[in-house]
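Novice: Contents of model.tsv (TSV, C-alpha atoms and all ligand atoms) are below:
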chain	number	residue	atom	x	y	z
A	1	MET	CA	38.01	73.24	135.90
A	2	ILE	CA	34.63	71.55	136.17
A	3	VAL	CA	34.29	67.77	135.85
A	4	TYR	CA	30.77	66.44	135.27
A	5	GLY	CA	29.91	62.98	136.53
A	6	SER	CA	30.16	60.75	139.57
A	7	SER	CA	33.42	59.46	141.00
A	8	LEU	CA	31.79	56.01	141.15
A	9	SER	CA	32.62	55.85	137.45
A	10	PRO	CA	36.21	54.59	137.01
A	11	PHE	CA	36.59	57.08	134.13
A	12	VAL	CA	35.57	60.02	136.31
A	13	ARG	CA	37.72	58.81	139.22
A	14	LYS	CA	40.70	58.54	136.87
A	15	VAL	CA	40.26	62.19	135.81
A	16	LEU	CA	39.81	63.39	139.40
A	17	ALA	CA	42.93	61.53	140.60
A	18	PHE	CA	44.93	62.72	137.60
A	19	ALA	CA	43.93	66.35	138.31
A	20	ALA	CA	44.86	65.95	141.98
A	21	GLU	CA	48.30	64.54	141.10
A	22	LYS	CA	48.79	67.51	138.76
A	23	GLY	CA	47.66	70.04	141.37
A	24	ILE	CA	44.77	71.15	139.16
A	25	ASP	CA	41.73	72.39	141.09
A	26	VAL	CA	38.54	70.72	139.93
A	27	GLU	CA	34.93	71.07	140.94
A	28	LEU	CA	32.95	67.83	140.54
A	29	LYS	CA	29.42	68.65	139.31
A	30	ALA	CA	27.17	65.68	139.97
A	31	SER	CA	25.77	64.13	136.81
A	32	GLY	CA	24.05	60.78	136.52
A	33	LEU	CA	22.96	58.48	133.70
A	34	GLY	CA	20.49	60.07	131.27
A	35	ASN	CA	21.31	63.66	132.27
A	36	LYS	CA	19.91	65.97	129.56
A	37	ASP	CA	21.12	69.24	131.11
A	38	PRO	CA	22.44	71.38	128.20
A	39	GLU	CA	25.39	72.53	130.31
A	40	PHE	CA	26.50	68.90	130.71
A	41	LEU	CA	25.72	67.97	127.09
A	42	GLU	CA	27.86	70.86	125.89
A	43	ALA	CA	30.80	69.16	127.62
A	44	SER	CA	29.75	65.61	126.73
A	45	PRO	CA	27.62	65.49	123.55
A	46	PHE	CA	26.73	61.80	123.96
A	47	GLY	CA	25.91	62.12	127.65
A	48	LYS	CA	28.77	60.00	128.94
A	49	MET	CA	30.70	60.85	132.07
A	50	PRO	CA	33.15	62.45	132.50
A	51	GLY	CA	32.75	65.74	130.69
A	52	LEU	CA	35.09	68.67	131.28
A	53	ARG	CA	34.59	72.43	131.19
A	54	ASP	CA	37.60	74.71	131.54
A	55	PRO	CA	36.08	78.16	132.15
A	56	GLY	CA	37.81	80.67	129.91
A	57	GLY	CA	39.98	77.86	128.51
A	58	GLY	CA	38.80	78.30	124.92
A	59	GLU	CA	39.08	81.16	122.46
A	60	GLY	CA	36.48	83.63	123.67
A	61	GLY	CA	34.84	81.22	126.10
A	62	ASP	CA	34.94	77.91	127.92
A	63	PHE	CA	36.76	74.88	126.57
A	64	CYS	CA	34.66	71.72	126.74
A	65	ILE	CA	35.73	68.14	126.04
A	66	SER	CA	34.59	64.64	126.97
A	67	ASP	CA	36.22	61.22	127.30
A	68	SER	CA	38.56	60.58	130.21
A	69	SER	CA	41.60	60.03	127.97
A	70	ALA	CA	41.00	63.26	126.04
A	71	ILE	CA	40.50	65.12	129.31
A	72	VAL	CA	43.76	63.90	130.90
A	73	ALA	CA	45.63	64.66	127.65
A	74	TYR	CA	44.30	68.23	127.87
A	75	MET	CA	45.24	68.53	131.54
A	76	ASP	CA	48.75	67.19	130.90
A	77	ALA	CA	49.23	69.75	128.11
A	78	VAL	CA	47.97	72.80	130.01
A	79	ARG	CA	49.84	71.81	133.20
A	80	PRO	CA	53.01	70.03	132.02
A	81	LEU	CA	54.47	69.40	135.50
A	82	PRO	CA	54.54	66.94	137.06
A	83	ASN	CA	54.62	65.00	133.80
A	84	LEU	CA	52.22	62.05	133.95
A	85	ILE	CA	52.19	61.05	130.26
A	86	PRO	CA	55.81	60.21	129.40
A	87	THR	CA	57.38	61.72	126.30
A	88	GLU	CA	59.95	58.99	125.57
A	89	PRO	CA	58.33	57.08	122.65
A	90	ARG	CA	58.17	53.58	124.14
A	91	ALA	CA	57.17	54.76	127.61
A	92	ARG	CA	54.49	56.97	126.04
A	93	ALA	CA	53.13	54.10	123.96
A	94	ARG	CA	53.07	51.77	126.98
A	95	THR	CA	51.27	54.40	129.06
A	96	ILE	CA	48.56	54.73	126.41
A	97	TRP	CA	48.36	50.93	126.20
A	98	PHE	CA	47.70	50.63	129.95
A	99	ASP	CA	45.13	53.42	129.75
A	100	GLU	CA	43.38	51.48	126.99
A	101	TYR	CA	43.73	48.14	128.81
A	102	SER	CA	41.88	49.73	131.72
A	103	ASP	CA	39.27	51.71	129.76
A	104	THR	CA	38.31	48.86	127.45
A	105	ILE	CA	39.45	45.41	128.63
A	106	LEU	CA	39.22	45.83	132.42
A	107	PHE	CA	36.10	48.03	132.22
A	108	ALA	CA	34.32	45.54	129.95
A	109	CYS	CA	34.70	43.00	132.74
A	110	GLY	CA	34.26	45.21	135.83
A	111	GLY	CA	31.32	47.09	134.35
A	112	LYS	CA	29.32	43.85	134.17
A	113	MET	CA	29.72	43.37	137.91
A	114	PHE	CA	29.13	46.99	138.90
A	115	PHE	CA	26.14	47.45	136.62
A	116	ASN	CA	24.35	44.23	137.55
A	117	ARG	CA	25.09	44.28	141.28
A	118	ILE	CA	24.88	48.01	142.07
A	119	VAL	CA	23.73	50.34	139.27
A	120	ALA	CA	20.72	48.37	137.99
A	121	PRO	CA	19.14	47.31	141.29
A	122	ARG	CA	20.02	50.42	143.27
A	123	PHE	CA	19.83	53.32	140.86
A	124	LEU	CA	17.72	52.10	137.93
A	125	GLY	CA	15.14	50.13	139.92
A	126	GLN	CA	15.63	47.03	137.77
A	127	PRO	CA	17.03	43.62	138.65
A	128	GLY	CA	20.65	42.97	137.75
A	129	ASP	CA	21.71	39.81	135.94
A	130	GLU	CA	23.76	37.94	138.55
A	131	GLU	CA	24.75	35.26	136.02
A	132	ILE	CA	26.55	37.87	133.91
A	133	ALA	CA	28.21	39.37	137.01
A	134	THR	CA	29.39	35.99	138.32
A	135	LYS	CA	30.80	34.98	134.94
A	136	ALA	CA	32.71	38.28	134.78
A	137	GLU	CA	34.10	37.80	138.30
A	138	CYS	CA	34.99	34.11	138.07
A	139	GLU	CA	35.92	33.62	134.41
A	140	GLU	CA	36.80	36.98	132.82
A	141	LEU	CA	38.65	38.77	135.62
A	142	PRO	CA	41.35	36.20	136.58
A	143	PRO	CA	43.18	36.26	133.19
A	144	LEU	CA	43.18	40.07	133.29
A	145	LEU	CA	44.79	39.91	136.74
A	146	ASP	CA	47.24	37.22	135.57
A	147	TYR	CA	48.43	39.69	132.95
A	148	LEU	CA	48.95	42.47	135.50
A	149	GLU	CA	50.72	40.08	137.88
A	150	ARG	CA	53.21	39.38	135.08
A	151	VAL	CA	53.89	42.99	134.09
A	152	ILE	CA	53.94	45.00	137.35
A	153	PRO	CA	57.59	45.92	137.95
A	154	GLU	CA	59.34	45.69	141.32
A	155	SER	CA	59.23	49.50	141.57
A	156	GLY	CA	55.45	49.32	141.94
A	157	TYR	CA	54.87	51.59	138.93
A	158	LEU	CA	53.93	50.33	135.48
A	159	VAL	CA	56.00	52.74	133.38
A	160	GLU	CA	59.32	54.54	133.98
A	161	ASP	CA	59.37	53.40	137.64
A	162	ARG	CA	57.37	56.46	138.64
A	163	LEU	CA	53.71	57.41	138.83
A	164	THR	CA	52.16	57.95	135.41
A	165	LEU	CA	48.71	57.92	133.84
A	166	ALA	CA	49.19	54.15	133.43
A	167	ASP	CA	48.94	53.61	137.20
A	168	ILE	CA	46.08	56.05	137.66
A	169	SER	CA	44.06	54.39	134.87
A	170	VAL	CA	44.76	50.79	135.86
A	171	ALA	CA	44.14	51.29	139.59
A	172	SER	CA	40.90	53.25	139.22
A	173	PRO	CA	38.49	50.34	138.45
A	174	PHE	CA	39.87	48.42	141.43
A	175	ALA	CA	38.04	50.89	143.67
A	176	ASN	CA	34.83	49.56	142.11
A	177	PHE	CA	35.95	45.99	142.83
A	178	ARG	CA	36.47	47.08	146.43
A	179	HIS	CA	32.94	48.55	146.62
A	180	LEU	CA	31.67	45.25	145.23
A	181	ASN	CA	33.68	43.21	147.76
A	182	VAL	CA	35.31	41.37	144.87
A	183	ALA	CA	38.27	39.68	146.51
A	184	ILE	CA	41.64	39.77	144.75
A	185	ASP	CA	43.39	36.68	146.14
A	186	PRO	CA	46.71	37.94	147.63
A	187	ALA	CA	48.21	34.44	147.40
A	188	ARG	CA	47.58	34.18	143.66
A	189	PHE	CA	48.03	37.91	142.89
A	190	PRO	CA	50.56	39.26	145.43
A	191	LYS	CA	51.96	41.98	143.16
A	192	VAL	CA	48.53	43.14	142.00
A	193	THR	CA	47.33	43.27	145.61
A	194	ARG	CA	50.28	45.39	146.81
A	195	TYR	CA	50.20	47.58	143.70
A	196	VAL	CA	46.50	48.41	143.88
A	197	GLU	CA	46.63	49.08	147.63
A	198	ALA	CA	49.53	51.51	147.19
A	199	ILE	CA	48.06	53.46	144.29
A	200	LEU	CA	44.54	53.71	145.75
A	201	ALA	CA	45.98	54.84	149.12
A	202	ARG	CA	47.40	57.97	147.48
A	203	PRO	CA	45.77	61.24	148.57
A	204	SER	CA	44.63	61.72	144.96
A	205	PHE	CA	42.38	58.64	145.21
A	206	ALA	CA	41.65	57.84	148.86
A	207	PRO	CA	39.23	60.69	149.75
A	208	TRP	CA	37.09	60.02	146.67
A	209	ILE	CA	36.87	56.32	147.45
A	210	GLU	CA	35.91	57.04	151.08
A	211	ARG	CA	33.13	59.38	149.91
A	212	GLU	CA	31.89	56.76	147.43
A	213	ALA	CA	31.81	54.07	150.14
A	214	ALA	CA	29.82	56.37	152.43
A	215	PHE	CA	27.39	57.16	149.59
A	216	LEU	CA	26.92	53.47	148.77
A	217	GLU	CA	26.36	52.73	152.43
A	218	ARG	CA	23.61	55.38	152.55
A	219	THR	CA	21.91	54.06	149.43
A	220	ALA	CA	22.11	50.36	150.40
A	221	ALA	CA	18.83	48.50	150.84
B	301	LIG	N1	35.58	56.19	126.88
B	301	LIG	C1	34.79	56.99	127.79
B	301	LIG	C2	33.78	56.12	128.51
B	301	LIG	C3	32.81	56.91	129.36
B	301	LIG	C4	31.66	56.06	129.83
B	301	LIG	O1	31.26	55.08	129.17
B	301	LIG	N2	31.09	56.43	131.00
B	301	LIG	C5	29.93	55.71	131.48
B	301	LIG	C6	29.92	55.66	133.01
B	301	LIG	S1	31.14	54.57	133.66
B	301	LIG	C7	28.67	56.47	131.07
B	301	LIG	O2	28.63	57.67	131.17
B	301	LIG	N3	27.66	55.73	130.61
B	301	LIG	C8	26.40	56.31	130.27
B	301	LIG	C9	26.00	56.03	128.87
B	301	LIG	O3	26.69	55.28	128.18
B	301	LIG	O4	24.97	56.58	128.48
B	301	LIG	C10	35.76	57.68	128.77
B	301	LIG	O5	36.92	57.27	128.87
B	301	LIG	O6	35.37	58.69	129.38
I need this file expressed as C-alpha cells, please.
Ligand SMILES: N[C@@H](CCC(=O)N[C@@H](CS)C(=O)NCC(=O)O)C(=O)O
Specialist:
Amino acid sequence: MIVYGSSLSPFVRKVLAFAAEKGIDVELKASGLGNKDPEFLEASPFGKMPGLRDPGGGEGGDFCISDSSAIVAYMDAVRPLPNLIPTEPRARARTIWFDEYSDTILFACGGKMFFNRIVAPRFLGQPGDEEIATKAECEELPPLLDYLERVIPESGYLVEDRLTLADISVASPFANFRHLNVAIDPARFPKVTRYVEAILARPSFAPWIEREAAFLERTAA
C-alpha cells in the first residue's frame, strides 16, 4: 500500500505505525502542504495527509481513501490479525474515543506548537506566533496530560490491557512534542511519561521518529 504524506504529521505517523504493527507493507510517498499532484489528490481530495492508495484494492483498480482513522479502519478490515480495533462494544467505543481525543483535542493543542515553532518558520518561510505556542504548551497541554495520567491503566495499555489503535493514536503526537523539546514533567506525569516512552520505543514507531529527528536536524537554521 502507498501512504502519501510526511511522518512528521501525527496522523501519518499513526497510519505508518498501525501498518507496521499489522505487518502491512507500506511505501511512504513524500507529500507536503499544498501538493496539487493528481495522484495524491485522487487519494486525498482535500489535500490533507495522509492519503492511501491500495494498488488493485478496488473493483477494477486501486482503492484510495484519506483520513488517518478511515485508513486504519480499512487496514484493520483487510488484515484482521493482529486485531488492533477491539470488537467488544465498550472496548471498541473507548478505542475510537482515544483516537478522537488524539486527532482532535491533543492535535488542536500540539499543532499550535508544531506549526508556530517548526512548520511556519522552517518550511513556509513565515514567522511563527510564539505567544500562541507558549499558551498551548503552558495552559492547554497540562489538563490534557492530567486526563491521561488519570486513565492510563497499570498494564500500560489504554484498552483491553493490550496494544490497540488507542495507544498508537495517543502516543503519536508525543513524538512531535519530543521534536519540539516540550518537556513532560515525570514528577507530575509519571504514568504518561512511562507510557509514551514505551509505546514510542516500539519498532513500529522508533525508526520513523529517528528519521524525522535527522531530517529536522538537517533543516535546522
Ligand atoms: N482528520 C485528518 C486530519 C489530517 C490533517 O489535518 N493533516 C494535516 C497535516 S498534520 C494536513 O494535511 N494539513 C494540510 C491542510 O490542511 O491543507 C486525519 O486524521 O487524517
Novice: So, counting all atoms listed in the file, which residue among A:Tyr74, A:Val170, A:Phe189, A:Pro10 is closest to Gly57 (chain A)?
Specialist: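 Residue with the minimum atom-to-atom distance to Gly57 (chain A): A:Tyr74.
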Novice: From the options A:Pro55, A:Glu27, A:Phe115, A:Gly61, which residue's atoms come nearest to ligand LIG 301 (chain B), counting only C-alpha atoms and all ligand atoms?
Specialist: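 Counting only C-alpha atoms and all ligand atoms, the residue closest to ligand LIG 301 (chain B) is A:Phe115.
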Novice: 8 Å from ligand LIG 301 (chain B) is the threshold here; counting all atoms listed in the file, which polymer residues fall inside it? Answer as a PyMOL selection string.
Specialist: chain A and resi 5+8-12+32-34+46-51+66-70+103-104+111
Novice: Anything within 12 Å of (47.0, 35.1, 135.2): list those residues as an mmCIF file with C-alpha atoms, in the coordinates of the input, counting all atoms listed in the file and sticking to the file's coordinates.
Specialist:
data_model
loop_
_atom_site.group_PDB
_atom_site.id
_atom_site.type_symbol
_atom_site.label_atom_id
_atom_site.label_comp_id
_atom_site.auth_asym_id
_atom_site.auth_seq_id
_atom_site.Cartn_x
_atom_site.Cartn_y
_atom_site.Cartn_z
ATOM 1 C CA GLU A 139 35.920 33.620 134.410
ATOM 2 C CA GLU A 140 36.800 36.980 132.820
ATOM 3 C CA LEU A 141 38.650 38.770 135.620
ATOM 4 C CA PRO A 142 41.350 36.200 136.580
ATOM 5 C CA PRO A 143 43.180 36.260 133.190
ATOM 6 C CA LEU A 144 43.180 40.070 133.290
ATOM 7 C CA LEU A 145 44.790 39.910 136.740
ATOM 8 C CA ASP A 146 47.240 37.220 135.570
ATOM 9 C CA TYR A 147 48.430 39.690 132.950
ATOM 10 C CA LEU A 148 48.950 42.470 135.500
ATOM 11 C CA GLU A 149 50.720 40.080 137.880
ATOM 12 C CA ARG A 150 53.210 39.380 135.080
ATOM 13 C CA VAL A 151 53.890 42.990 134.090
ATOM 14 C CA ILE A 184 41.640 39.770 144.750
ATOM 15 C CA ASP A 185 43.390 36.680 146.140
ATOM 16 C CA ARG A 188 47.580 34.180 143.660
ATOM 17 C CA PHE A 189 48.030 37.910 142.890
ATOM 18 C CA PRO A 190 50.560 39.260 145.430
ATOM 19 C CA LYS A 191 51.960 41.980 143.160
ATOM 20 C CA VAL A 192 48.530 43.140 142.000
#
Novice: Please, what distance in Å, to one decimal, runs between CA of Gly110 (chain A) and CA of Met75 (chain A)?
Specialist: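 These atoms are spaced 26.1 Å apart.
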Novice: Between CA of Ser169 (chain A) and CA of Lys36 (chain A), measure the distance and give it in Å to one decimal.
Specialist: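 Spanning CA of Ser169 (chain A) to CA of Lys36 (chain A) is a straight-line distance of 27.3 Å.
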